[in-house]
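Asker: See structure-v8.txt below, with compact mmCIF, C-alpha atoms.
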# COMPACT_ATOMS: atom_id res chain seq x y z
CA MET A 28 -48.95 12.28 21.37
CA ASN A 29 -51.25 13.62 24.05
CA VAL A 30 -51.21 16.43 26.58
CA GLU A 31 -50.17 14.00 29.29
CA PHE A 32 -46.94 13.53 27.38
CA ILE A 33 -46.34 17.17 26.47
CA ASN A 34 -46.97 18.94 29.76
CA PRO A 35 -44.05 17.37 31.68
CA PHE A 36 -41.58 18.97 29.26
CA LEU A 37 -43.31 22.33 29.46
CA VAL A 38 -43.50 22.22 33.26
CA SER A 39 -39.91 21.05 33.51
CA LEU A 40 -38.46 24.01 31.56
CA ILE A 41 -40.50 26.46 33.65
CA ASN A 42 -39.33 24.75 36.85
CA VAL A 43 -35.68 24.71 35.83
CA THR A 44 -35.47 28.36 34.75
CA SER A 45 -37.52 29.47 37.76
CA THR A 46 -35.44 27.50 40.25
CA MET A 47 -31.99 27.97 38.73
CA ALA A 48 -32.27 31.51 37.34
CA THR A 49 -35.30 32.97 39.16
CA MET A 50 -36.76 33.77 35.74
CA ASP A 51 -40.38 33.05 34.92
CA LEU A 52 -40.79 31.97 31.32
CA LYS A 53 -44.33 32.38 30.06
CA PRO A 54 -45.56 29.38 28.09
CA GLY A 55 -47.53 29.88 24.89
CA LYS A 56 -49.90 27.30 23.48
CA PRO A 57 -48.26 24.02 22.43
CA GLN A 58 -48.88 23.46 18.75
CA LEU A 59 -48.27 20.98 15.99
CA LYS A 60 -45.22 22.09 14.09
CA ASN A 61 -45.89 22.21 10.38
CA HIS A 62 -43.12 24.55 9.34
CA ASP A 63 -39.67 25.41 10.57
CA ILE A 64 -40.81 28.55 12.32
CA ALA A 65 -38.69 28.18 15.44
CA LYS A 66 -35.44 29.99 14.79
CA GLY A 67 -32.87 30.68 17.45
CA ASP A 68 -29.20 31.23 18.14
CA VAL A 69 -28.32 28.29 20.39
CA SER A 70 -30.08 24.93 20.83
CA GLY A 71 -29.62 21.88 23.00
CA LEU A 72 -30.60 18.57 21.40
CA ILE A 73 -31.00 15.19 23.08
CA GLY A 74 -32.11 11.76 21.93
CA MET A 75 -34.43 9.52 23.93
CA VAL A 76 -34.81 5.74 23.66
CA GLY A 77 -37.43 3.67 25.44
CA PRO A 78 -38.80 0.16 25.06
CA LYS A 79 -41.89 1.43 23.22
CA THR A 80 -40.88 4.81 21.86
CA ARG A 81 -37.91 6.85 20.75
CA GLY A 82 -37.50 10.44 19.78
CA SER A 83 -35.63 13.69 20.05
CA LEU A 84 -36.01 16.95 21.90
CA SER A 85 -34.56 20.38 21.29
CA ILE A 86 -34.58 23.54 23.37
CA THR A 87 -33.79 26.64 21.35
CA PHE A 88 -32.95 30.02 22.89
CA GLU A 89 -32.54 33.49 21.51
CA LYS A 90 -29.11 34.81 22.38
CA THR A 91 -30.42 37.62 24.60
CA LEU A 92 -32.45 35.17 26.70
CA ILE A 93 -29.76 32.56 27.30
CA LEU A 94 -27.23 35.26 28.17
CA GLU A 95 -29.62 36.62 30.81
CA ILE A 96 -30.24 33.10 32.16
CA MET A 97 -26.46 32.71 32.46
CA ASN A 98 -26.21 36.11 34.11
CA LYS A 99 -28.85 35.16 36.68
CA MET A 100 -27.43 31.68 37.34
CA LEU A 101 -23.71 32.41 37.32
CA ALA A 102 -23.43 36.20 37.50
CA GLU A 103 -21.60 36.10 34.18
CA ASN A 104 -22.59 37.52 30.82
CA PRO A 105 -19.95 36.90 28.15
CA GLY A 106 -22.03 38.76 25.54
CA VAL A 107 -21.48 36.02 22.97
CA ILE A 108 -22.33 32.31 22.63
CA ASN A 109 -19.05 30.83 23.88
CA ASP A 110 -18.14 27.42 25.36
CA GLU A 111 -19.48 28.38 28.79
CA VAL A 112 -22.85 29.22 27.25
CA THR A 113 -23.04 26.00 25.25
CA ASP A 114 -22.06 24.04 28.39
CA LEU A 115 -24.94 25.74 30.21
CA VAL A 116 -27.36 24.94 27.37
CA GLY A 117 -26.24 21.30 27.48
CA GLU A 118 -26.84 21.17 31.24
CA LEU A 119 -30.25 22.86 30.94
CA THR A 120 -31.18 20.34 28.23
CA ASN A 121 -30.21 17.48 30.55
CA MET A 122 -32.10 19.00 33.48
CA VAL A 123 -35.29 19.71 31.53
CA THR A 124 -35.33 16.29 29.89
CA GLY A 125 -34.44 14.58 33.16
CA GLY A 126 -37.25 16.42 34.94
CA ALA A 127 -39.74 15.39 32.28
CA LYS A 128 -38.41 11.83 32.38
CA ASN A 129 -39.13 11.63 36.11
CA LEU A 130 -42.64 13.03 35.70
CA LEU A 131 -43.36 10.65 32.84
CA SER A 132 -41.89 7.67 34.67
CA GLU A 133 -44.55 8.16 37.37
CA LYS A 134 -47.15 7.77 34.64
CA GLY A 135 -45.59 4.62 33.21
CA TYR A 136 -43.76 6.14 30.26
CA GLU A 137 -40.12 5.11 30.35
CA PHE A 138 -37.15 6.21 28.28
CA ASP A 139 -33.40 6.58 28.62
CA MET A 140 -31.63 9.74 27.63
CA ALA A 141 -28.64 10.02 25.32
CA THR A 142 -26.16 12.84 25.93
CA PRO A 143 -26.88 16.36 24.67
CA ALA A 144 -25.30 18.19 21.76
CA VAL A 145 -25.48 21.95 21.44
CA VAL A 146 -25.82 23.85 18.17
CA SER A 147 -24.55 27.41 17.84
CA GLY A 148 -25.33 29.56 14.84
CA GLU A 149 -27.49 32.59 14.24
CA ASN A 150 -31.01 31.85 13.05
CA HIS A 151 -30.63 28.12 12.69
CA THR A 152 -33.67 25.85 12.46
CA ILE A 153 -34.13 22.25 13.58
CA SER A 154 -36.22 19.52 11.95
CA HIS A 155 -37.01 16.47 14.05
CA LYS A 156 -37.22 13.41 11.85
CA ALA A 157 -39.05 10.85 13.97
CA ARG A 158 -42.14 9.42 12.26
CA GLY A 159 -44.58 11.14 14.57
CA LYS A 160 -46.21 14.45 15.26
CA LYS A 161 -43.85 17.30 15.98
CA ILE A 162 -44.89 19.44 18.93
CA LEU A 163 -43.65 23.01 19.34
CA MET A 164 -43.91 24.74 22.72
CA PRO A 165 -43.14 28.45 22.64
CA PHE A 166 -42.02 30.43 25.70
CA THR A 167 -41.60 34.15 26.06
CA HIS A 168 -39.75 36.44 28.46
CA GLU A 169 -38.83 40.09 28.31
CA TYR A 170 -35.28 39.03 27.42
CA GLY A 171 -36.30 36.87 24.47
CA SER A 172 -37.95 33.68 23.30
CA ALA A 173 -37.34 29.99 23.77
CA PHE A 174 -38.88 26.92 22.13
CA ILE A 175 -39.07 23.28 23.04
CA GLU A 176 -39.66 20.87 20.18
CA ILE A 177 -40.26 17.17 20.68
CA CYS A 178 -41.02 14.33 18.34
CA PHE A 179 -41.55 10.68 19.22
CA GLU A 180 -42.26 7.57 17.21
CA ASP A 181 -43.34 4.07 18.17
CA VAL A 182 -40.51 1.57 18.10
CA GLN A 183 -40.99 -0.86 15.24
CA SER A 184 -39.17 -4.14 15.05
CA VAL A 185 -35.52 -3.10 15.35
CA MET B 3 -12.43 5.63 22.80
CA ASN B 4 -10.28 3.52 20.53
CA VAL B 5 -9.84 3.03 16.81
CA GLU B 6 -11.99 -0.08 16.96
CA PHE B 7 -14.87 2.17 17.93
CA ILE B 8 -14.17 5.00 15.50
CA ASN B 9 -13.55 3.15 12.25
CA PRO B 10 -17.06 1.69 11.89
CA PHE B 11 -18.51 5.22 11.65
CA LEU B 12 -15.87 6.31 9.16
CA VAL B 13 -16.34 3.19 7.04
CA SER B 14 -20.11 3.48 7.23
CA LEU B 15 -20.25 7.04 5.81
CA ILE B 16 -17.92 6.06 2.98
CA ASN B 17 -20.04 2.97 2.25
CA VAL B 18 -23.32 4.88 2.30
CA THR B 19 -22.22 7.73 0.01
CA SER B 20 -20.44 5.31 -2.32
CA THR B 21 -23.39 2.95 -2.56
CA MET B 22 -26.23 5.45 -2.61
CA ALA B 23 -24.65 8.35 -4.51
CA THR B 24 -21.65 6.74 -6.27
CA MET B 25 -19.50 9.43 -4.65
CA ASP B 26 -16.19 8.57 -3.02
CA LEU B 27 -15.57 10.71 0.03
CA LYS B 28 -11.91 10.84 1.01
CA PRO B 29 -11.38 10.43 4.75
CA GLY B 30 -8.88 12.61 6.57
CA LYS B 31 -7.21 11.64 9.81
CA PRO B 32 -9.59 11.24 12.77
CA GLN B 33 -8.61 13.67 15.51
CA LEU B 34 -9.50 14.73 19.00
CA LYS B 35 -11.73 17.74 18.73
CA ASN B 36 -10.51 20.53 20.96
CA HIS B 37 -12.23 23.44 19.29
CA ASP B 38 -15.39 23.99 17.32
CA ILE B 39 -13.61 23.93 14.01
CA ALA B 40 -16.18 21.92 12.10
CA LYS B 41 -18.57 24.38 10.53
CA GLY B 42 -21.17 23.44 8.01
CA ASP B 43 -24.56 24.32 6.58
CA VAL B 44 -26.65 21.27 7.43
CA SER B 45 -26.11 18.59 10.10
CA GLY B 46 -27.83 15.40 11.16
CA LEU B 47 -27.68 14.60 14.88
CA ILE B 48 -28.61 11.37 16.62
CA GLY B 49 -28.45 10.12 20.18
CA MET B 50 -27.28 6.63 21.15
CA VAL B 51 -28.06 4.73 24.35
CA GLY B 52 -26.53 1.42 25.36
CA PRO B 53 -26.26 -0.57 28.56
CA LYS B 54 -22.68 0.61 29.15
CA THR B 55 -22.37 3.79 27.12
CA ARG B 56 -24.34 6.67 25.69
CA GLY B 57 -23.45 9.46 23.37
CA SER B 58 -24.24 11.54 20.34
CA LEU B 59 -23.18 11.69 16.72
CA SER B 60 -23.38 14.43 14.14
CA ILE B 61 -22.72 14.45 10.42
CA THR B 62 -22.19 17.94 9.04
CA PHE B 63 -22.18 18.78 5.32
CA GLU B 64 -21.26 21.81 3.34
CA LYS B 65 -24.22 22.89 1.22
CA THR B 66 -22.47 22.23 -2.10
CA LEU B 67 -21.65 18.65 -1.08
CA ILE B 68 -25.08 17.62 0.22
CA LEU B 69 -26.76 19.13 -2.86
CA GLU B 70 -24.52 17.04 -5.11
CA ILE B 71 -25.24 13.92 -3.03
CA MET B 72 -28.95 14.63 -3.50
CA ASN B 73 -28.39 15.21 -7.20
CA LYS B 74 -26.62 11.86 -7.55
CA MET B 75 -29.13 9.93 -5.43
CA LEU B 76 -32.39 11.48 -6.57
CA ALA B 77 -31.52 13.45 -9.73
CA GLU B 78 -32.73 16.58 -7.98
CA ASN B 79 -30.84 19.68 -6.95
CA PRO B 80 -33.08 22.26 -5.31
CA GLY B 81 -30.15 24.68 -4.90
CA VAL B 82 -31.09 25.41 -1.29
CA ILE B 83 -31.38 23.46 1.97
CA ASN B 84 -35.12 22.71 1.88
CA ASP B 85 -37.24 20.01 3.56
CA GLU B 86 -36.24 17.40 0.98
CA VAL B 87 -32.58 18.02 1.75
CA THR B 88 -33.08 17.84 5.53
CA ASP B 89 -35.09 14.62 5.05
CA LEU B 90 -32.16 13.21 3.09
CA VAL B 91 -29.68 14.26 5.79
CA GLY B 92 -31.88 12.59 8.42
CA GLU B 93 -31.95 9.38 6.39
CA LEU B 94 -28.20 9.45 5.78
CA THR B 95 -27.66 9.97 9.53
CA ASN B 96 -29.82 6.92 10.26
CA MET B 97 -28.05 4.83 7.62
CA VAL B 98 -24.53 5.76 8.71
CA THR B 99 -25.28 5.23 12.41
CA GLY B 100 -27.17 2.01 11.68
CA GLY B 101 -24.27 0.71 9.60
CA ALA B 102 -21.81 1.49 12.40
CA LYS B 103 -24.18 -0.05 14.95
CA ASN B 104 -24.17 -3.33 13.00
CA LEU B 105 -20.38 -3.35 12.69
CA LEU B 106 -19.97 -2.57 16.40
CA SER B 107 -22.56 -5.14 17.43
CA GLU B 108 -20.36 -7.83 15.87
CA LYS B 109 -17.60 -6.70 18.23
CA GLY B 110 -19.80 -6.74 21.30
CA TYR B 111 -20.59 -3.03 21.54
CA GLU B 112 -24.33 -2.54 21.73
CA PHE B 113 -26.44 0.60 21.61
CA ASP B 114 -29.91 1.70 20.53
CA MET B 115 -30.42 4.70 18.32
CA ALA B 116 -32.77 7.59 19.00
CA THR B 117 -34.33 9.37 16.01
CA PRO B 118 -32.36 12.01 14.10
CA ALA B 119 -32.83 15.75 14.13
CA VAL B 120 -31.44 17.95 11.37
CA VAL B 121 -30.01 21.43 11.85
CA SER B 122 -30.06 23.98 9.03
CA GLY B 123 -28.17 27.25 9.23
CA GLU B 124 -25.12 28.66 7.55
CA ASN B 125 -21.86 28.12 9.39
CA HIS B 126 -23.30 26.54 12.49
CA THR B 127 -21.12 24.58 14.91
CA ILE B 128 -21.97 21.64 17.15
CA SER B 129 -20.59 20.84 20.62
CA HIS B 130 -21.13 17.32 21.90
CA LYS B 131 -21.53 17.38 25.67
CA ALA B 132 -20.95 13.79 26.73
CA ARG B 133 -18.23 13.42 29.35
CA GLY B 134 -15.78 11.75 27.02
CA LYS B 135 -13.33 12.46 24.26
CA LYS B 136 -14.77 14.13 21.20
CA ILE B 137 -13.61 12.63 17.93
CA LEU B 138 -13.74 14.56 14.68
CA MET B 139 -13.50 12.72 11.35
CA PRO B 140 -13.07 14.99 8.33
CA PHE B 141 -14.00 13.97 4.78
CA THR B 142 -13.30 15.78 1.56
CA HIS B 143 -14.70 15.68 -1.97
CA GLU B 144 -14.42 18.01 -4.92
CA TYR B 145 -17.94 19.25 -4.12
CA GLY B 146 -17.17 20.11 -0.49
CA SER B 147 -16.42 18.84 3.00
CA ALA B 148 -18.21 16.70 5.52
CA PHE B 149 -17.45 15.89 9.16
CA ILE B 150 -18.55 13.19 11.53
CA GLU B 151 -18.28 13.99 15.22
CA ILE B 152 -18.94 11.45 17.94
CA CYS B 153 -18.73 11.56 21.70
CA PHE B 154 -19.51 8.78 24.15
CA GLU B 155 -19.48 8.49 27.91
CA ASP B 156 -19.68 5.55 30.28
CA VAL B 157 -23.09 5.15 31.85
CA GLN B 158 -22.92 5.97 35.55
CA SER B 159 -25.61 4.94 37.98
CA VAL B 160 -28.73 6.41 36.41
As structure tokens - that is how I would like this structure written.
Answerer:
Amino acid sequence: MNVEFINPFLVSLINVTSTMATMDLKPGKPQLKNHDIAKGDVSGLIGMVGPKTRGSLSITFEKTLILEIMNKMLAENPGVINDEVTDLVGELTNMVTGGAKNLLSEKGYEFDMATPAVVSGENHTISHKARGKKILMPFTHEYGSAFIEICFEDVQSV
Amino acid sequence: MNVEFINPFLVSLINVTSTMATMDLKPGKPQLKNHDIAKGDVSGLIGMVGPKTRGSLSITFEKTLILEIMNKMLAENPGVINDEVTDLVGELTNMVTGGAKNLLSEKGYEFDMATPAVVSGENHTISHKARGKKILMPFTHEYGSAFIEICFEDVQSV
């Protein structure tokens, strides 16, 4: 997996949080994920299926950060991860993946998106099980951290 | 979503655990999921994309149950949810979804599977965000509980 494939996801999360919540997330250096170091409190997960590749993506937020994103977007801060927050995480996951899909489509990479699922639970970790390199993209903000993780594999004979 | 669509997933989990681990999971009554009542310690998630539908599936296990499944399948019980256990959950998720996919294909329902991701974290919950009914299938065993959750939506113009 090359930079050409990674950057659209990174750019898409920055665009979405900047546009929707006027919050500028600062990207760290994308890295190969060798251990389950990305812990968070709420994560959106989505599957992707294309003619040549398939994979999964997760976006994990610390509670303090997603609550501030909700506060900025909807002027609401429930203080806990409730159904409204998981709905928002599901929508952000769709928007970020959809944005990356459009950018990648222009470069000839095509995939369809499944529907998102959202995990709630303090300090959970996520392991992507595609047979390919796992890329971790960290983001920081004064309100907390976020991580995107993606993993893709080539489609074998199915 | 009708019984014709639900039963293949239920049957597939029972088949997989019976065949691979010689453990008979007892299915409870499938139900519409209105609240996040299914908590567990490790979950496999997978996205599905078809020409007419897309959705997501999760299989959630209590720690005691997945460790006994691992013990029966591989004669190993690490006592904690480690990488070997999450690998096993990812493979079980693929097998169960693949089994259901084959059964559904015979009935004319077609979808492709993304790759699985596995969530670890005590007492996490999962919310499927497809615009469709969420079905919860509970399973019990003397070693603990498991749940399948699925949610599908019709593909709109994409």
Asker: Between B:Pro140, B:Gly46, B:Gly57, B:Gly146, which has the minimum distance to chain A (counting only C-alpha atoms)?
Answerer: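 Result for the nearest residue to chain A: B:Gly57.
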Asker: Show me the residues close to (-36.6, 35.9, 34.4) - anything with an atom within 8 Å, counting all atoms listed in the file - and format the list as an mmCIF file with C-alpha atoms, keeping the file's coordinate frame.
Answerer:
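Full text of result_17.cif as output:
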data_model
loop_
_atom_site.group_PDB
_atom_site.id
_atom_site.type_symbol
_atom_site.label_atom_id
_atom_site.label_comp_id
_atom_site.auth_asym_id
_atom_site.auth_seq_id
_atom_site.Cartn_x
_atom_site.Cartn_y
_atom_site.Cartn_z
ATOM 1 C CA THR A 44 -35.470 28.360 34.750
ATOM 2 C CA SER A 45 -37.520 29.470 37.760
ATOM 3 C CA ALA A 48 -32.270 31.510 37.340
ATOM 4 C CA THR A 49 -35.300 32.970 39.160
ATOM 5 C CA MET A 50 -36.760 33.770 35.740
ATOM 6 C CA ASP A 51 -40.380 33.050 34.920
ATOM 7 C CA LEU A 52 -40.790 31.970 31.320
ATOM 8 C CA GLU A 95 -29.620 36.620 30.810
ATOM 9 C CA ILE A 96 -30.240 33.100 32.160
ATOM 10 C CA HIS A 168 -39.750 36.440 28.460
ATOM 11 C CA GLU A 169 -38.830 40.090 28.310
ATOM 12 C CA TYR A 170 -35.280 39.030 27.420
#
Asker: When the cut-off is 10 Å and we count all atoms listed in the file, which residues of chain B are near chain A, given as a PDB file with C-alpha atoms, in the frame of the given file?
Answerer:
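Contents of out27.pdb, as written:
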ATOM      1  CA  HIS B  37     -12.230  23.440  19.290  1.00  0.00           C
ATOM      2  CA  ASP B  38     -15.390  23.990  17.320  1.00  0.00           C
ATOM      3  CA  LYS B  41     -18.570  24.380  10.530  1.00  0.00           C
ATOM      4  CA  ASP B  43     -24.560  24.320   6.580  1.00  0.00           C
ATOM      5  CA  VAL B  44     -26.650  21.270   7.430  1.00  0.00           C
ATOM      6  CA  SER B  45     -26.110  18.590  10.100  1.00  0.00           C
ATOM      7  CA  GLY B  46     -27.830  15.400  11.160  1.00  0.00           C
ATOM      8  CA  LEU B  47     -27.680  14.600  14.880  1.00  0.00           C
ATOM      9  CA  ILE B  48     -28.610  11.370  16.620  1.00  0.00           C
ATOM     10  CA  GLY B  49     -28.450  10.120  20.180  1.00  0.00           C
ATOM     11  CA  MET B  50     -27.280   6.630  21.150  1.00  0.00           C
ATOM     12  CA  VAL B  51     -28.060   4.730  24.350  1.00  0.00           C
ATOM     13  CA  GLY B  52     -26.530   1.420  25.360  1.00  0.00           C
ATOM     14  CA  THR B  55     -22.370   3.790  27.120  1.00  0.00           C
ATOM     15  CA  ARG B  56     -24.340   6.670  25.690  1.00  0.00           C
ATOM     16  CA  GLY B  57     -23.450   9.460  23.370  1.00  0.00           C
ATOM     17  CA  SER B  58     -24.240  11.540  20.340  1.00  0.00           C
ATOM     18  CA  LEU B  59     -23.180  11.690  16.720  1.00  0.00           C
ATOM     19  CA  SER B  60     -23.380  14.430  14.140  1.00  0.00           C
ATOM     20  CA  ASP B  85     -37.240  20.010   3.560  1.00  0.00           C
ATOM     21  CA  THR B  88     -33.080  17.840   5.530  1.00  0.00           C
ATOM     22  CA  ASP B  89     -35.090  14.620   5.050  1.00  0.00           C
ATOM     23  CA  VAL B  91     -29.680  14.260   5.790  1.00  0.00           C
ATOM     24  CA  GLY B  92     -31.880  12.590   8.420  1.00  0.00           C
ATOM     25  CA  GLU B  93     -31.950   9.380   6.390  1.00  0.00           C
ATOM     26  CA  ASN B  96     -29.820   6.920  10.260  1.00  0.00           C
ATOM     27  CA  ASP B 114     -29.910   1.700  20.530  1.00  0.00           C
ATOM     28  CA  MET B 115     -30.420   4.700  18.320  1.00  0.00           C
ATOM     29  CA  ALA B 116     -32.770   7.590  19.000  1.00  0.00           C
ATOM     30  CA  THR B 117     -34.330   9.370  16.010  1.00  0.00           C
ATOM     31  CA  PRO B 118     -32.360  12.010  14.100  1.00  0.00           C
ATOM     32  CA  ALA B 119     -32.830  15.750  14.130  1.00  0.00           C
ATOM     33  CA  VAL B 120     -31.440  17.950  11.370  1.00  0.00           C
ATOM     34  CA  VAL B 121     -30.010  21.430  11.850  1.00  0.00           C
ATOM     35  CA  SER B 122     -30.060  23.980   9.030  1.00  0.00           C
ATOM     36  CA  GLY B 123     -28.170  27.250   9.230  1.00  0.00           C
ATOM     37  CA  GLU B 124     -25.120  28.660   7.550  1.00  0.00           C
ATOM     38  CA  ASN B 125     -21.860  28.120   9.390  1.00  0.00           C
ATOM     39  CA  HIS B 126     -23.300  26.540  12.490  1.00  0.00           C
ATOM     40  CA  THR B 127     -21.120  24.580  14.910  1.00  0.00           C
ATOM     41  CA  ILE B 128     -21.970  21.640  17.150  1.00  0.00           C
ATOM     42  CA  SER B 129     -20.590  20.840  20.620  1.00  0.00           C
ATOM     43  CA  HIS B 130     -21.130  17.320  21.900  1.00  0.00           C
ATOM     44  CA  LYS B 131     -21.530  17.380  25.670  1.00  0.00           C
ATOM     45  CA  ALA B 132     -20.950  13.790  26.730  1.00  0.00           C
ATOM     46  CA  ARG B 133     -18.230  13.420  29.350  1.00  0.00           C
ATOM     47  CA  CYS B 153     -18.730  11.560  21.700  1.00  0.00           C
ATOM     48  CA  PHE B 154     -19.510   8.780  24.150  1.00  0.00           C
ATOM     49  CA  GLU B 155     -19.480   8.490  27.910  1.00  0.00           C
ATOM     50  CA  VAL B 157     -23.090   5.150  31.850  1.00  0.00           C
ATOM     51  CA  VAL B 160     -28.730   6.410  36.410  1.00  0.00           C
TER      52      VAL B 160
END
Asker: Find the residue from A:Ile175, A:Leu119, A:Leu94, A:Leu59 that sits nearest to Gly106 (chain A); use all atoms listed in the file when measuring.
Answerer: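 Among A:Ile175, A:Leu119, A:Leu94, A:Leu59, it is A:Leu94 that comes nearest to Gly106 (chain A).
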Asker: Pick out the closest residue to Val13 (chain B) from this set: B:Ile68, B:Leu76, B:Ala40, B:Met97. Count all atoms listed in the file.
Answerer: B:Met97
Asker: What does the distance from CA of Asn9 (chain B) to CA of Asn73 (chain B) come to in Å, to one decimal?
Answerer: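 It comes out at 27.3 Å.
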Asker: Mind listing whatever residues come within 8 Å of the point (-45.0, 16.3, 34.0)? Use all atoms listed in the file, file coordinates, and give them as a VMD selection string.
Answerer: chain A and resid 31 to 39 126 to 127 129 to 131
Asker: Taking all listed atoms of region 105-108 of chain B, build the axis-aligned box, pad each of the six sides by 8 Å, then write its centre and edge lengths in Å to one decimal as AutoDock Vina command-line options.
Answerer:
--center_x -21.3 --center_y -5.2 --center_z 15.1 --size_x 18.6 --size_y 21.3 --size_z 20.7
Asker: In terms of the shortest atom-to-atom distance over all atoms listed in the file, which of A:Ile162, A:Thr87, A:Val30, A:Thr167 is closest to Gln58 (chain A)?
Answerer: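 Of A:Ile162, A:Thr87, A:Val30, A:Thr167, the one nearest Gln58 (chain A), counting all atoms listed in the file, is A:Ile162.
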Asker: Any idea what the distance is between CA of Phe138 (chain A) and CA of Lys79 (chain A)?
Answerer: 8.4 Å
Asker: Give me, please, the distance in Å between CA of Thr91 (chain A) and CA of Glu103 (chain A), quoted to one decimal.
Answerer: 13.1 Å
